[in-house]
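Student: Structure in structure tokens, see below.
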Amino acid sequence: SHFSVTMTNIGEKVVCLVAYHIFFMLFVWSYWKTIFTLPMNPSKEFHLSYSDKESLEREPRGESQQEVLRRAAKDLPIYTRTMSGAIRYCDRCQLVKPDRCHHCSVCDKCILKMDHHCPWVNNCVGFSNYKFFLLFLAYSLLYCIFIAATDLQYFIKFWTNGLPDTQAKFHIMFLFFAAAMFSVSLSSLFGYHCWLVSKNKSTLEVFRAPIFRHRTDKNGFSLGFSKNLRQVFGDEKKYWLLPVFSSLGDGCSFPTCLVNQDPEQASTPGGLNSTSKNENHLFPAKPLRDSQSHLLTDTQSWSEISAKPEKGKVGMSNPALTMENET
């Protein structure tokens with residue numbers, strides 16, 4: 001009835017060792033990148049000029065301050081507002097907040113596309129490291145599942161008294177419980193973030209939906225599953241599973257699925273956002289950054305859109321207006 005605590009088959013040993021080190025290296029690499037990638041802050045154009053700061057200090061709080069901010073923000077690609085419909089402004093950083101940007105009280109900075117401040121990595125998870133964070137969750141989950149799976153046969157023998165009476169018995173039991181518990185908690189967290197990616201939402205946006213010019217829209221940034229995925233992981237699939245930066249855009253502006261209705265334009269794409277159908281969303285006409293505009297104009301068409309392609313309008317006004325330019 002003697003049962004060894006080591007593998008006897010040399011092939012099994014090699015496979016397990018190779019697999020273990022692959023999972024371990026990918027886990028450590030993505031964890032390292034999540035920790036040490038600095039969160040991105042808004043670019044200079046979002047900071048108030050010296051004269052605007054002076055004007056803001058002189059004006060009493062309220063509508064006159066909003067007038068200064070509206071003037072400062074008129075050429076910026078900003079579509080979201082505060083609950084009261086005001087320009088989103090950060091007093092601490094003295095800047096107009098880009099869409100999806102939030103001030104982190106721990107970092108004391110405005111973070112682009114902030115998801116949350118994570119104590120496990122002692123860093124803000126946002127635009128610059130969200131892909132790394134997702135891969136960190138994925139590889140740590142795979143690592144724990146692998147350990148629990150390879151330890152399972154010895155764990156069963158522990159309870160059936162099939163193991164030699166050495167200290168290894170307790171190591172095996174502890175290892176299995178630790179790996180299994182982390183697997184359960186990581187799988188729920190990873191599943192949640194996969195759902196967020198598929199819907200193009202951040203953790204903060206789930207709790208407080210983004211507010212656009214005339215209404216709140218919890219799915220305002222969602223472009224359909226494929227485009228949502230590519231916004232985080234990029235267009236080149238060879239980089240998807242590696243913790244190297246490949247997210248699309250600059251973190252300051254994002255395509256929206258809200259469409260401005262006008263006579264020259266095709267009807268609102270039905271499948272994208274049924275709640276915004278037949279509503280007039282008057283956004284300021286501003287070009288979308290080149291880095292993101294191809295999400296709206298690349299060769300892959302959306303199944304939801306049946307409108308005929310129009311040429312020559314790409315990037316000429318609100319990014320939402322370019323949706324039907326799919327070819």
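We label chains A, B, ... in the order they appear in the structure tokens, count residues from 1 in each chain, and number ligands from 1 in the order shown.
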As number ranges by chain, please: the residues near Val96 of chain A (cut-off 7 Å, only C-alpha atoms, same-chain neighbours under 2 positions excluded).
Tutor: A: 46-47, 73, 88-90, 98
Student: Could you take the residues named above and write them with all heavy atoms, as a PDB file, in the first residue's frame?
Tutor:
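Dumped everything to part.pdb:
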ATOM      1  N   PHE A  46      -5.449  68.962 -21.878  1.00  0.00           N
ATOM      2  CA  PHE A  46      -6.576  68.924 -20.934  1.00  0.00           C
ATOM      3  C   PHE A  46      -6.329  69.801 -19.703  1.00  0.00           C
ATOM      4  O   PHE A  46      -7.248  70.085 -18.948  1.00  0.00           O
ATOM      5  CB  PHE A  46      -6.881  67.481 -20.500  1.00  0.00           C
ATOM      6  CG  PHE A  46      -7.493  66.665 -21.596  1.00  0.00           C
ATOM      7  CD1 PHE A  46      -6.689  65.941 -22.468  1.00  0.00           C
ATOM      8  CD2 PHE A  46      -8.863  66.642 -21.786  1.00  0.00           C
ATOM      9  CE1 PHE A  46      -7.245  65.199 -23.500  1.00  0.00           C
ATOM     10  CE2 PHE A  46      -9.434  65.903 -22.815  1.00  0.00           C
ATOM     11  CZ  PHE A  46      -8.623  65.182 -23.672  1.00  0.00           C
ATOM     12  N   HIS A  47      -5.066  70.190 -19.480  1.00  0.00           N
ATOM     13  CA  HIS A  47      -4.743  71.080 -18.359  1.00  0.00           C
ATOM     14  C   HIS A  47      -5.155  72.503 -18.711  1.00  0.00           C
ATOM     15  O   HIS A  47      -5.007  72.935 -19.854  1.00  0.00           O
ATOM     16  CB  HIS A  47      -3.243  71.029 -18.052  1.00  0.00           C
ATOM     17  CG  HIS A  47      -2.814  69.726 -17.465  1.00  0.00           C
ATOM     18  ND1 HIS A  47      -2.583  69.552 -16.115  1.00  0.00           N
ATOM     19  CD2 HIS A  47      -2.581  68.523 -18.036  1.00  0.00           C
ATOM     20  CE1 HIS A  47      -2.228  68.303 -15.887  1.00  0.00           C
ATOM     21  NE2 HIS A  47      -2.216  67.655 -17.040  1.00  0.00           N
ATOM     22  N   ALA A  73     -12.912  73.716 -22.817  1.00  0.00           N
ATOM     23  CA  ALA A  73     -13.153  72.345 -23.295  1.00  0.00           C
ATOM     24  C   ALA A  73     -13.730  72.287 -24.710  1.00  0.00           C
ATOM     25  O   ALA A  73     -13.927  71.201 -25.244  1.00  0.00           O
ATOM     26  CB  ALA A  73     -14.102  71.633 -22.333  1.00  0.00           C
ATOM     27  N   ARG A  88     -16.756  68.085 -16.653  1.00  0.00           N
ATOM     28  CA  ARG A  88     -16.067  67.352 -15.580  1.00  0.00           C
ATOM     29  C   ARG A  88     -14.683  67.980 -15.357  1.00  0.00           C
ATOM     30  O   ARG A  88     -13.831  67.937 -16.241  1.00  0.00           O
ATOM     31  CB  ARG A  88     -15.935  65.869 -15.937  1.00  0.00           C
ATOM     32  CG  ARG A  88     -17.273  65.171 -16.065  1.00  0.00           C
ATOM     33  CD  ARG A  88     -17.142  63.776 -16.653  1.00  0.00           C
ATOM     34  NE  ARG A  88     -16.451  62.869 -15.761  1.00  0.00           N
ATOM     35  CZ  ARG A  88     -15.307  62.260 -16.026  1.00  0.00           C
ATOM     36  NH1 ARG A  88     -14.670  62.485 -17.172  1.00  0.00           N
ATOM     37  NH2 ARG A  88     -14.766  61.446 -15.159  1.00  0.00           N
ATOM     38  N   TYR A  89     -14.497  68.562 -14.183  1.00  0.00           N
ATOM     39  CA  TYR A  89     -13.254  69.278 -13.880  1.00  0.00           C
ATOM     40  C   TYR A  89     -12.666  68.758 -12.567  1.00  0.00           C
ATOM     41  O   TYR A  89     -13.385  68.473 -11.623  1.00  0.00           O
ATOM     42  CB  TYR A  89     -13.536  70.778 -13.764  1.00  0.00           C
ATOM     43  CG  TYR A  89     -12.340  71.611 -13.345  1.00  0.00           C
ATOM     44  CD1 TYR A  89     -11.280  71.824 -14.217  1.00  0.00           C
ATOM     45  CD2 TYR A  89     -12.271  72.171 -12.071  1.00  0.00           C
ATOM     46  CE1 TYR A  89     -10.175  72.563 -13.846  1.00  0.00           C
ATOM     47  CE2 TYR A  89     -11.173  72.922 -11.684  1.00  0.00           C
ATOM     48  CZ  TYR A  89     -10.124  73.120 -12.582  1.00  0.00           C
ATOM     49  OH  TYR A  89      -9.034  73.856 -12.200  1.00  0.00           O
ATOM     50  N   CYS A  90     -11.336  68.604 -12.535  1.00  0.00           N
ATOM     51  CA  CYS A  90     -10.672  68.150 -11.314  1.00  0.00           C
ATOM     52  C   CYS A  90      -9.975  69.328 -10.640  1.00  0.00           C
ATOM     53  O   CYS A  90      -9.043  69.915 -11.206  1.00  0.00           O
ATOM     54  CB  CYS A  90      -9.642  67.063 -11.641  1.00  0.00           C
ATOM     55  SG  CYS A  90      -8.776  66.467 -10.157  1.00  0.00           S
ATOM     56  N   PRO A  98     -10.741  64.075 -19.203  1.00  0.00           N
ATOM     57  CA  PRO A  98     -11.159  63.360 -20.424  1.00  0.00           C
ATOM     58  C   PRO A  98     -12.253  62.344 -20.090  1.00  0.00           C
ATOM     59  O   PRO A  98     -12.443  61.990 -18.921  1.00  0.00           O
ATOM     60  CB  PRO A  98      -9.878  62.635 -20.864  1.00  0.00           C
ATOM     61  CG  PRO A  98      -8.757  63.315 -20.143  1.00  0.00           C
ATOM     62  CD  PRO A  98      -9.339  63.832 -18.865  1.00  0.00           C
TER      63      PRO A  98
END
Student: Measuring between only C-alpha atoms, which one of A:Ala138, A:Ala180, A:Ile172, A:Cys252 shows the shortest distance to Phe24 of chain A?
Tutor: A:Ala138
Student: Which residues, written as a VMD selection string, have at least one atom at most 12 Å from Tyr192 of chain A, with only C-alpha atoms counted and residues fewer than 5 positions away on the same chain left out?
Tutor: chain A and resid 134 137 to 138 185 to 187 197 to 199 201 to 203 206
Student: Would you save the residues of that selection, restricted to N, CA, C and O atoms, as a PDB file, in the first residue's frame?
Tutor:
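Final output, part-v9.pdb:
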ATOM      1  N   LEU A 134      -5.642  42.037 -16.670  1.00  0.00           N
ATOM      2  CA  LEU A 134      -6.467  40.905 -17.124  1.00  0.00           C
ATOM      3  C   LEU A 134      -5.624  39.648 -17.304  1.00  0.00           C
ATOM      4  O   LEU A 134      -6.030  38.551 -16.903  1.00  0.00           O
ATOM      5  N   LEU A 137      -4.657  38.171 -13.967  1.00  0.00           N
ATOM      6  CA  LEU A 137      -5.753  37.357 -13.411  1.00  0.00           C
ATOM      7  C   LEU A 137      -5.834  36.007 -14.125  1.00  0.00           C
ATOM      8  O   LEU A 137      -5.984  34.961 -13.478  1.00  0.00           O
ATOM      9  N   ALA A 138      -5.710  36.030 -15.453  1.00  0.00           N
ATOM     10  CA  ALA A 138      -5.832  34.795 -16.239  1.00  0.00           C
ATOM     11  C   ALA A 138      -4.710  33.820 -15.906  1.00  0.00           C
ATOM     12  O   ALA A 138      -4.957  32.632 -15.665  1.00  0.00           O
ATOM     13  N   SER A 185     -11.629  32.214  -5.967  1.00  0.00           N
ATOM     14  CA  SER A 185     -11.752  33.674  -5.897  1.00  0.00           C
ATOM     15  C   SER A 185     -11.281  34.328  -7.197  1.00  0.00           C
ATOM     16  O   SER A 185     -11.903  35.274  -7.690  1.00  0.00           O
ATOM     17  N   LEU A 186     -10.193  33.803  -7.776  1.00  0.00           N
ATOM     18  CA  LEU A 186      -9.679  34.377  -9.024  1.00  0.00           C
ATOM     19  C   LEU A 186     -10.625  34.143 -10.196  1.00  0.00           C
ATOM     20  O   LEU A 186     -10.769  35.009 -11.058  1.00  0.00           O
ATOM     21  N   SER A 187     -11.287  32.977 -10.221  1.00  0.00           N
ATOM     22  CA  SER A 187     -12.190  32.684 -11.342  1.00  0.00           C
ATOM     23  C   SER A 187     -13.374  33.646 -11.350  1.00  0.00           C
ATOM     24  O   SER A 187     -13.802  34.104 -12.417  1.00  0.00           O
ATOM     25  N   VAL A 197     -15.000  43.691 -20.088  1.00  0.00           N
ATOM     26  CA  VAL A 197     -14.355  43.902 -21.394  1.00  0.00           C
ATOM     27  C   VAL A 197     -15.374  43.721 -22.516  1.00  0.00           C
ATOM     28  O   VAL A 197     -15.425  44.508 -23.465  1.00  0.00           O
ATOM     29  N   SER A 198     -16.202  42.683 -22.409  1.00  0.00           N
ATOM     30  CA  SER A 198     -17.182  42.396 -23.469  1.00  0.00           C
ATOM     31  C   SER A 198     -18.204  43.521 -23.610  1.00  0.00           C
ATOM     32  O   SER A 198     -18.743  43.752 -24.687  1.00  0.00           O
ATOM     33  N   LYS A 199     -18.447  44.255 -22.507  1.00  0.00           N
ATOM     34  CA  LYS A 199     -19.426  45.347 -22.524  1.00  0.00           C
ATOM     35  C   LYS A 199     -18.768  46.718 -22.639  1.00  0.00           C
ATOM     36  O   LYS A 199     -19.452  47.752 -22.664  1.00  0.00           O
ATOM     37  N   LYS A 201     -16.941  48.355 -20.364  1.00  0.00           N
ATOM     38  CA  LYS A 201     -17.213  49.126 -19.146  1.00  0.00           C
ATOM     39  C   LYS A 201     -16.014  49.022 -18.222  1.00  0.00           C
ATOM     40  O   LYS A 201     -15.252  48.059 -18.303  1.00  0.00           O
ATOM     41  N   SER A 202     -15.875  49.997 -17.333  1.00  0.00           N
ATOM     42  CA  SER A 202     -14.894  49.881 -16.260  1.00  0.00           C
ATOM     43  C   SER A 202     -15.667  49.585 -14.975  1.00  0.00           C
ATOM     44  O   SER A 202     -16.890  49.740 -14.921  1.00  0.00           O
ATOM     45  N   THR A 203     -14.953  49.167 -13.929  1.00  0.00           N
ATOM     46  CA  THR A 203     -15.609  48.894 -12.642  1.00  0.00           C
ATOM     47  C   THR A 203     -16.360  50.136 -12.159  1.00  0.00           C
ATOM     48  O   THR A 203     -17.485  50.043 -11.667  1.00  0.00           O
ATOM     49  N   VAL A 206     -19.679  50.724 -13.942  1.00  0.00           N
ATOM     50  CA  VAL A 206     -20.769  49.824 -13.542  1.00  0.00           C
ATOM     51  C   VAL A 206     -21.537  50.441 -12.378  1.00  0.00           C
ATOM     52  O   VAL A 206     -22.768  50.394 -12.323  1.00  0.00           O
TER      53      VAL A 206
END
Student: Any idea what's packed within 9 Å of Phe133 of chain A, counting only C-alpha atoms, ignoring anything in its chain fewer than 2 positions away? Could you give it as a list in words?
Tutor: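 In the requested form, the answer reads Ser30, Tyr31, Lys33, Thr34, Ile35, Val125, Asn129, Tyr130, Lys131, Leu135, Phe136, Leu137, Ala138 and Pro243 of chain A.
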Student: Select from segment 27-95 of chain A everything DSSP, run on the backbone, classes as alpha helix (DSSP H), then give the selection as a ChimeraX atom specification.
Tutor: /A:27-36,50-58,63-73
Student: Keeping only C-alpha atoms, write the selected residues as a PDB file, in the first residue's frame.
Tutor:
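So the final result, stored in selection.pdb, reads:
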ATOM      1  CA  PHE A  27       2.121  34.868 -14.277  1.00  0.00           C
ATOM      2  CA  VAL A  28       5.217  36.665 -12.908  1.00  0.00           C
ATOM      3  CA  TRP A  29       5.702  38.682 -16.130  1.00  0.00           C
ATOM      4  CA  SER A  30       2.100  39.943 -16.220  1.00  0.00           C
ATOM      5  CA  TYR A  31       2.114  40.615 -12.437  1.00  0.00           C
ATOM      6  CA  TRP A  32       5.357  42.600 -12.779  1.00  0.00           C
ATOM      7  CA  LYS A  33       3.959  44.645 -15.680  1.00  0.00           C
ATOM      8  CA  THR A  34       0.734  45.371 -13.768  1.00  0.00           C
ATOM      9  CA  ILE A  35       2.684  46.634 -10.754  1.00  0.00           C
ATOM     10  CA  PHE A  36       5.378  48.668 -12.498  1.00  0.00           C
ATOM     11  CA  TYR A  50      -2.603  80.001 -16.885  1.00  0.00           C
ATOM     12  CA  SER A  51      -5.199  82.556 -18.007  1.00  0.00           C
ATOM     13  CA  ASP A  52      -8.048  80.040 -17.624  1.00  0.00           C
ATOM     14  CA  LYS A  53      -6.861  79.166 -14.111  1.00  0.00           C
ATOM     15  CA  GLU A  54      -6.848  82.858 -13.216  1.00  0.00           C
ATOM     16  CA  SER A  55     -10.337  83.336 -14.675  1.00  0.00           C
ATOM     17  CA  LEU A  56     -11.589  80.324 -12.739  1.00  0.00           C
ATOM     18  CA  GLU A  57     -10.214  81.682  -9.454  1.00  0.00           C
ATOM     19  CA  ARG A  58     -11.762  85.109 -10.052  1.00  0.00           C
ATOM     20  CA  GLU A  63     -22.471  79.183 -13.982  1.00  0.00           C
ATOM     21  CA  SER A  64     -19.678  81.713 -14.560  1.00  0.00           C
ATOM     22  CA  GLN A  65     -17.053  79.082 -13.707  1.00  0.00           C
ATOM     23  CA  GLN A  66     -18.799  76.644 -16.028  1.00  0.00           C
ATOM     24  CA  GLU A  67     -18.556  79.230 -18.804  1.00  0.00           C
ATOM     25  CA  VAL A  68     -14.757  79.338 -18.346  1.00  0.00           C
ATOM     26  CA  LEU A  69     -14.610  75.512 -18.395  1.00  0.00           C
ATOM     27  CA  ARG A  70     -16.874  75.271 -21.453  1.00  0.00           C
ATOM     28  CA  ARG A  71     -14.569  77.662 -23.268  1.00  0.00           C
ATOM     29  CA  ALA A  72     -11.496  75.627 -22.250  1.00  0.00           C
ATOM     30  CA  ALA A  73     -13.153  72.345 -23.295  1.00  0.00           C
TER      31      ALA A  73
END
Student: Set the distance at 9 Å and use only C-alpha atoms: which residues neighbour Phe221 of chain A once local chain neighbours fewer than 5 positions away are removed? I'd like the list as a PyMOL selection string.
Tutor: chain A and resi 199-201+210+228+254-258
Student: Dump C-alpha atoms for the selected residues as a PDB file, in the first residue's frame?
Tutor:
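Listing of result_37.pdb after writing:
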ATOM      1  CA  LYS A 199     -19.426  45.347 -22.524  1.00  0.00           C
ATOM      2  CA  ASN A 200     -16.650  47.996 -22.730  1.00  0.00           C
ATOM      3  CA  LYS A 201     -17.213  49.126 -19.146  1.00  0.00           C
ATOM      4  CA  PRO A 210     -21.339  57.620 -17.806  1.00  0.00           C
ATOM      5  CA  ASN A 228     -14.748  46.020 -27.378  1.00  0.00           C
ATOM      6  CA  PHE A 254     -13.074  56.909 -26.995  1.00  0.00           C
ATOM      7  CA  PRO A 255     -15.563  56.088 -29.748  1.00  0.00           C
ATOM      8  CA  THR A 256     -19.172  56.087 -28.561  1.00  0.00           C
ATOM      9  CA  CYS A 257     -22.179  54.268 -29.931  1.00  0.00           C
ATOM     10  CA  LEU A 258     -24.483  57.258 -29.492  1.00  0.00           C
TER      11      LEU A 258
END
Student: For the atom pair atom CA of Met25 of chain A and atom CA of Ile147 of chain A, what is the interatomic distance in Å to one decimal place?
Tutor: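 That distance, rounded to one decimal, is 14.3 Å.
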